[in-house]
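Peer 1: Below is the file start.cif, with mmCIF, C-alpha atoms.
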```cif
data_data
#
loop_
_atom_site.group_PDB
_atom_site.id
_atom_site.type_symbol
_atom_site.label_atom_id
_atom_site.label_comp_id
_atom_site.auth_asym_id
_atom_site.auth_seq_id
_atom_site.Cartn_x
_atom_site.Cartn_y
_atom_site.Cartn_z
ATOM 1 C CA LEU S 1 -6.450 26.379 60.526
ATOM 2 C CA ALA S 2 -9.077 28.648 62.100
ATOM 3 C CA ALA S 3 -6.473 31.350 62.723
ATOM 4 C CA SER S 4 -5.331 31.113 59.103
ATOM 5 C CA ILE S 5 -8.917 31.502 57.847
ATOM 6 C CA ILE S 6 -9.513 34.570 60.018
ATOM 7 C CA GLU S 7 -6.224 36.113 58.900
ATOM 8 C CA THR S 8 -7.114 35.546 55.241
ATOM 9 C CA ALA S 9 -10.567 37.067 55.791
ATOM 10 C CA HIS S 10 -8.941 40.112 57.386
ATOM 11 C CA GLU S 11 -6.655 40.509 54.360
ATOM 12 C CA LEU S 12 -9.614 40.271 51.968
ATOM 13 C CA LEU S 13 -11.879 42.525 54.050
ATOM 14 C CA PRO S 14 -9.512 44.801 56.004
ATOM 15 C CA ASP S 15 -12.247 47.334 56.757
ATOM 16 C CA GLU S 16 -14.775 44.838 58.105
ATOM 17 C CA GLU S 17 -15.285 46.029 61.706
ATOM 18 C CA GLU S 18 -16.263 42.659 63.186
ATOM 19 C CA ILE S 19 -13.225 40.924 61.710
ATOM 20 C CA LYS S 20 -10.945 43.761 62.854
ATOM 21 C CA ASN S 21 -12.282 43.526 66.399
ATOM 22 C CA PHE S 22 -11.856 39.766 66.424
ATOM 23 C CA MET S 23 -8.278 40.042 65.152
ATOM 24 C CA THR S 24 -7.505 42.609 67.846
ATOM 25 C CA GLY S 25 -8.898 40.275 70.493
ATOM 26 C CA VAL S 26 -6.848 37.347 69.194
ATOM 27 C CA GLN S 27 -3.662 39.429 69.172
ATOM 28 C CA GLU S 28 -4.284 40.656 72.729
ATOM 29 C CA GLU S 29 -4.975 37.123 73.908
ATOM 30 C CA HIS S 30 -1.756 35.912 72.273
ATOM 31 C CA THR S 31 0.233 38.677 73.981
ATOM 32 C CA ILE S 32 -1.236 37.847 77.397
ATOM 33 C CA ARG S 33 -0.506 34.150 76.926
ATOM 34 C CA GLN S 34 3.134 35.053 76.296
ATOM 35 C CA VAL S 35 3.168 36.937 79.609
ATOM 36 C CA LEU S 36 1.500 33.949 81.265
ATOM 37 C CA ASN S 37 4.192 31.671 79.886
ATOM 38 C CA LYS S 38 6.774 33.929 81.532
ATOM 39 C CA LEU S 39 4.924 33.761 84.845
ATOM 40 C CA SER S 40 4.726 29.954 84.643
ATOM 41 C CA LYS S 41 8.540 29.881 84.654
ATOM 42 C CA ASP S 42 8.786 32.317 87.568
ATOM 43 C CA SER S 43 9.520 30.136 90.604
ATOM 44 C CA PHE S 44 8.278 32.846 92.958
ATOM 45 C CA TYR S 45 4.616 32.032 92.244
ATOM 46 C CA PRO S 46 2.577 29.002 93.368
ATOM 47 C CA GLU S 47 1.056 27.028 90.491
ATOM 48 C CA HIS S 48 -2.513 28.087 91.243
ATOM 49 C CA TYR S 49 -1.752 31.524 89.727
ATOM 50 C CA GLU S 50 -0.931 29.921 86.403
ATOM 51 C CA TYR S 51 -4.151 27.902 86.543
ATOM 52 C CA MET S 52 -6.111 31.009 87.525
ATOM 53 C CA PHE S 53 -5.014 32.965 84.459
ATOM 54 C CA GLU S 54 -5.344 30.013 82.104
ATOM 55 C CA PHE S 55 -8.936 29.768 83.286
ATOM 56 C CA GLU S 56 -9.569 33.506 82.796
ATOM 57 C CA LEU S 57 -8.203 33.456 79.265
ATOM 58 C CA ASP S 58 -10.208 30.360 78.348
ATOM 59 C CA LYS S 59 -13.311 31.987 79.827
ATOM 60 C CA GLN S 60 -12.800 35.102 77.737
ATOM 61 C CA MET S 61 -12.354 32.980 74.612
ATOM 62 C CA GLY S 62 -15.566 31.081 75.404
ATOM 63 C CA ILE S 63 -13.981 27.627 75.398
ATOM 64 C CA LEU S 64 -15.046 26.466 78.870
ATOM 65 C CA GLU S 65 -17.763 24.048 79.885
ATOM 66 C CA LEU S 66 -20.358 26.252 81.555
ATOM 67 C CA ASP S 67 -21.461 23.599 84.050
ATOM 68 C CA SER S 68 -17.999 23.425 85.618
ATOM 69 C CA SER S 69 -16.591 26.935 85.196
ATOM 70 C CA GLU S 70 -18.216 28.426 88.309
ATOM 71 C CA PHE S 71 -16.922 25.622 90.530
ATOM 72 C CA TYR S 72 -13.435 25.729 89.013
ATOM 73 C CA GLU S 73 -13.137 29.513 89.416
ATOM 74 C CA PHE S 74 -14.290 29.266 93.025
ATOM 75 C CA SER S 75 -11.777 26.490 93.765
ATOM 76 C CA ILE S 76 -8.852 28.513 92.424
ATOM 77 C CA GLU S 77 -9.854 31.709 94.224
ATOM 78 C CA MET S 78 -10.383 29.772 97.454
ATOM 79 C CA ASN S 79 -6.655 28.929 97.441
ATOM 80 C CA VAL S 80 -6.028 32.650 97.833
ATOM 81 C CA ILE S 81 -8.818 33.348 100.328
ATOM 82 C CA MET S 82 -7.830 30.585 102.755
ATOM 83 C CA ASP S 83 -4.293 31.994 103.093
ATOM 84 C CA ILE S 84 -5.007 35.609 102.243
ATOM 85 C CA GLU S 85 -2.244 37.086 104.392
ATOM 86 C CA GLY S 86 0.401 34.853 102.828
ATOM 87 C CA GLU S 87 -0.996 35.373 99.317
ATOM 88 C CA ARG S 88 -0.775 39.154 99.397
ATOM 89 C CA LYS S 89 2.950 39.151 98.626
ATOM 90 C CA TYR S 90 2.220 37.306 95.371
ATOM 91 C CA VAL S 91 -0.612 39.654 94.430
ATOM 92 C CA ARG S 92 1.449 42.767 95.163
ATOM 93 C CA ARG S 93 4.313 41.526 93.011
ATOM 94 C CA LEU S 94 1.870 40.435 90.325
ATOM 95 C CA LYS S 95 0.482 43.974 90.130
ATOM 96 C CA LYS S 96 3.989 45.373 89.684
ATOM 97 C CA SER S 97 5.621 42.739 87.459
ATOM 98 C CA TYR S 98 2.697 41.297 85.472
ATOM 99 C CA PRO S 99 0.108 44.111 85.126
ATOM 100 C CA GLU S 100 -1.472 42.473 82.054
ATOM 101 C CA LEU S 101 -2.348 39.423 84.150
ATOM 102 C CA TYR S 102 -3.365 41.448 87.189
ATOM 103 C CA ARG S 103 -5.959 43.269 85.071
ATOM 104 C CA LEU S 104 -7.646 39.955 84.236
ATOM 105 C CA LYS S 105 -8.656 39.617 87.909
ATOM 106 C CA ASP S 106 -8.253 43.193 89.144
ATOM 107 C CA LYS S 107 -11.541 43.344 91.066
ATOM 108 C CA PHE S 108 -10.702 40.170 92.981
ATOM 109 C CA PHE S 109 -7.067 41.153 93.576
ATOM 110 C CA ASN S 110 -7.962 44.666 94.718
ATOM 111 C CA ARG S 111 -10.177 43.169 97.402
ATOM 112 C CA VAL S 112 -7.456 40.714 98.426
ATOM 113 C CA LEU S 113 -5.020 43.598 98.916
ATOM 114 C CA ASN S 114 -7.545 45.563 100.970
ATOM 115 C CA ARG S 115 -7.079 44.280 104.537
ATOM 116 C CA SER S 116 -10.437 45.667 105.615
ATOM 117 C CA GLN S 117 -12.094 43.261 103.147
ATOM 118 C CA SER S 118 -10.489 40.104 104.544
ATOM 119 C CA ASN S 119 -13.243 39.006 106.873
ATOM 120 C CA ARG S 120 -15.989 39.923 104.433
ATOM 121 C CA LEU S 121 -14.288 37.984 101.649
ATOM 122 C CA TYR S 122 -14.021 34.933 103.856
ATOM 123 C CA GLN S 123 -17.716 35.046 104.714
ATOM 124 C CA GLU S 124 -18.667 35.471 101.047
ATOM 125 C CA TYR S 125 -16.616 32.478 99.984
ATOM 126 C CA MET S 126 -17.982 30.274 102.735
ATOM 127 C CA LYS S 127 -21.476 31.127 101.474
ATOM 128 C CA LYS S 128 -20.340 30.303 97.929
ATOM 129 C CA TYR S 129 -19.021 27.000 99.226
ATOM 130 C CA ASP S 130 -22.407 26.099 100.675
ATOM 131 C CA LYS S 131 -24.170 27.183 97.477
ATOM 132 C CA LEU S 132 -21.879 25.224 95.158
ATOM 133 C CA GLU S 133 -21.952 22.164 97.395
ATOM 134 C CA LYS S 134 -25.715 22.065 96.858
ATOM 135 C CA LEU S 135 -25.479 22.711 93.107
ATOM 136 C CA TYR S 136 -22.585 20.322 92.400
ATOM 137 C CA PRO S 137 -22.494 17.742 95.218
ATOM 138 C CA GLU S 138 -20.591 15.318 92.982
ATOM 139 C CA ARG S 139 -17.633 17.691 92.910
ATOM 140 C CA PHE S 140 -17.108 17.755 96.662
ATOM 141 C CA VAL S 141 -15.128 15.141 98.573
ATOM 142 C CA ASP S 142 -14.410 14.379 102.231
ATOM 143 C CA ASP S 143 -12.589 16.943 104.270
ATOM 144 C CA TYR S 144 -12.270 19.788 101.731
ATOM 145 C CA TYR S 145 -11.083 21.658 104.821
ATOM 146 C CA ASP S 146 -9.379 18.967 106.842
ATOM 147 C CA ASP S 147 -8.063 21.125 109.674
ATOM 148 C CA GLU S 148 -10.776 22.213 112.045
ATOM 149 C CA ASP S 149 -8.515 24.966 113.389
ATOM 150 C CA GLU S 150 -7.995 26.497 109.966
ATOM 151 C CA ASP S 151 -10.869 28.933 110.446
ATOM 152 C CA ASP S 152 -9.294 30.270 113.639
ATOM 153 C CA ASP S 153 -5.929 30.641 111.917
ATOM 154 C CA PHE S 154 -7.544 32.780 109.248
ATOM 155 C CA PHE S 155 -8.276 35.496 111.779
ATOM 156 C CA GLY S 156 -5.289 34.922 114.052
ATOM 157 C CA PHE S 157 -2.970 37.360 112.320
ATOM 158 C CA TYR S 158 -5.318 40.386 112.411
ATOM 159 C CA GLU S 159 -5.338 43.073 115.029
ATOM 160 C CA ASP S 160 -8.714 43.832 116.576
ATOM 161 C CA ASP S 161 -8.805 47.218 114.844
ATOM 162 C CA ASP S 162 -8.590 45.547 111.444
ATOM 163 C CA ILE S 163 -11.842 43.597 111.820
ATOM 164 C CA GLU S 164 -13.810 45.518 114.407
ATOM 165 C CA ASP S 165 -16.322 46.676 111.778
ATOM 166 C CA TYR S 166 -17.066 43.139 110.577
ATOM 167 C CA GLU S 167 -18.862 40.235 112.141
ATOM 168 C CA VAL S 168 -16.455 37.332 112.456
ATOM 169 C CA TYR S 169 -17.741 34.129 110.872
ATOM 170 C CA THR S 170 -17.072 31.122 113.083
ATOM 171 C CA PRO S 171 -18.302 27.686 111.929
ATOM 172 C CA GLN S 172 -20.024 25.760 114.706
ATOM 173 C CA GLU S 173 -18.345 22.510 113.765
ATOM 174 C CA PRO S 174 -15.734 21.211 111.339
ATOM 175 C CA ILE S 175 -16.998 20.993 107.771
ATOM 176 C CA ARG S 176 -17.172 17.435 106.468
ATOM 177 C CA ARG S 177 -18.314 16.793 102.897
ATOM 178 C CA GLU S 178 -19.006 13.478 101.236
ATOM 179 C CA GLY S 179 -19.393 12.772 97.548
ATOM 180 C CA PRO S 180 -18.044 10.920 94.506
ATOM 181 C CA LYS S 181 -14.405 11.160 93.488
ATOM 182 C CA ILE S 182 -13.367 14.592 92.168
ATOM 183 C CA GLY S 183 -12.890 14.908 88.389
ATOM 184 C CA ARG S 184 -9.405 14.512 86.914
ATOM 185 C CA ASN S 185 -9.371 18.073 85.553
ATOM 186 C CA ASP S 186 -10.712 19.693 88.727
ATOM 187 C CA PRO S 187 -8.375 21.380 91.234
ATOM 188 C CA CYS S 188 -6.902 18.866 93.655
ATOM 189 C CA PRO S 189 -8.729 18.979 97.015
ATOM 190 C CA CYS S 190 -5.410 18.899 98.871
ATOM 191 C CA GLY S 191 -5.050 22.607 98.133
ATOM 192 C CA SER S 192 -1.853 22.405 96.063
ATOM 193 C CA GLY S 193 -3.423 24.380 93.220
ATOM 194 C CA LYS S 194 -2.627 21.615 90.737
ATOM 195 C CA LYS S 195 -5.176 19.691 88.731
ATOM 196 C CA TYR S 196 -6.209 16.463 90.462
ATOM 197 C CA LYS S 197 -4.759 14.302 87.687
ATOM 198 C CA LYS S 198 -1.362 15.966 88.161
ATOM 199 C CA CYS S 199 -1.371 15.766 91.946
ATOM 200 C CA CYS S 200 -3.048 13.261 94.282
ATOM 201 C CA GLY S 201 -4.746 11.534 91.345
ATOM 202 C CA LYS S 202 -1.517 11.026 89.437
ATOM 203 C CA ASP S 203 -1.190 7.389 90.488
ATOM 204 C CA GLY S 204 -4.886 6.636 90.318
#
```
Will you turn the file into structure tokens for me?
Peer 2:
Amino acid sequence: LAASIIETAHELLPDEEEIKNFMTGVQEEHTIRQVLNKLSKDSFYPEHYEYMFEFELDKQMGILELDSSEFYEFSIEMNVIMDIEGERKYVRRLKKSYPELYRLKDKFFNRVLNRSQSNRLYQEYMKKYDKLEKLYPERFVDDYYDDEDEDDDFFGFYEDDDIEDYEVYTPQEPIRREGPKIGRNDPCPCGSGKKYKKCCGKDG
């Protein structure tokens, strides 16, 4: 109904700049969602890429709940950061095959592809984790990172020359978080990239 009203307004006032700009934005968003639908059927990509771009489009359209958007964006990006070496093959192909989607997160993806940024990115996201855990304690559950060796694995595949200019962040002890059950629409804490209600919370 809303789309029909806007289209009618555009027909009645074709020279109205604000309506023209809005129509252009709607058309671009529709085009990108078609590309996203194609990506969702591409078995090469893990599901968290689909969720990432759905989130970006919803954010641009202003239809997200502000109190949860920062946490949700962090959770999706953390899937990439925690396996950055393995994720690069998806990002490189994304840039080549789905440039419209790549542009939605180009600043983030450019840093992911830059090997010299790996350690710095990890440190930044660990700081974000601590910040968000304080802001939204109810959204964190036990053992968000349930493998205490995961931090070592993150740096295990880099040569010394790759990280010599950066201070390696090494947690002093395994991170253990406690809090209420994660929301049904939040990313599943198991790291699958799926929403909780479609993953570990499916039978709950």
Peer 1: Using only C-alpha atoms, find the one residue out of S:Lys105, S:Lys127, S:Arg139, S:Lys198 that sits nearest to Gln60 of chain S.
Peer 2: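 Of S:Lys105, S:Lys127, S:Arg139, S:Lys198, the one nearest Gln60 of chain S is S:Lys105, counting only C-alpha atoms.
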Peer 1: Counting only C-alpha atoms, which of S:Glu100, S:Phe71, S:His48, S:Leu94 gets nearest to Lys134 of chain S?
Peer 2: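 So, comparing all the options, the nearest one is S:Phe71.
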Peer 1: Rank nothing, just name the residue among S:Phe109, S:Tyr125, S:Phe53, S:Tyr90 nearest to Phe74 of chain S, using all atoms listed in the file.
Peer 2: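 Once distances to Phe74 of chain S are computed over all atoms listed in the file, the minimum belongs to S:Tyr125.
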Peer 1: Expand the PyMOL selection byres ((chain S and resi 193) around 6) into the individual residues it matches in the shown file, reporting them as an mmCIF file with C-alpha atoms, in the frame of the given file.
Peer 2:
```
data_model
loop_
_atom_site.group_PDB
_atom_site.id
_atom_site.type_symbol
_atom_site.label_atom_id
_atom_site.label_comp_id
_atom_site.auth_asym_id
_atom_site.auth_seq_id
_atom_site.Cartn_x
_atom_site.Cartn_y
_atom_site.Cartn_z
ATOM 1 C CA GLU S 47 1.056 27.028 90.491
ATOM 2 C CA HIS S 48 -2.513 28.087 91.243
ATOM 3 C CA GLY S 191 -5.050 22.607 98.133
ATOM 4 C CA SER S 192 -1.853 22.405 96.063
ATOM 5 C CA LYS S 194 -2.627 21.615 90.737
#
```
Peer 1: Just the number, please: distance in Å from atom CA of Leu104 of chain S to atom CA of Pro137 of chain S, one decimal.
Peer 2: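 Going from atom CA of Leu104 of chain S over to atom CA of Pro137 of chain S, I get 28.9 Å.
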Peer 1: For Arg93 of chain S, which residue among S:Ile76, S:Leu57, S:Leu113, S:Leu121 is the nearest when counting all atoms listed in the file?
Peer 2: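 Comparing S:Ile76, S:Leu57, S:Leu113, S:Leu121 against Arg93 of chain S, the winner is S:Leu113.
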Peer 1: Distance atom CA of Leu135 of chain S-atom CA of Glu70 of chain S, one decimal place?
Peer 2: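 A separation of 10.4 Å between them.
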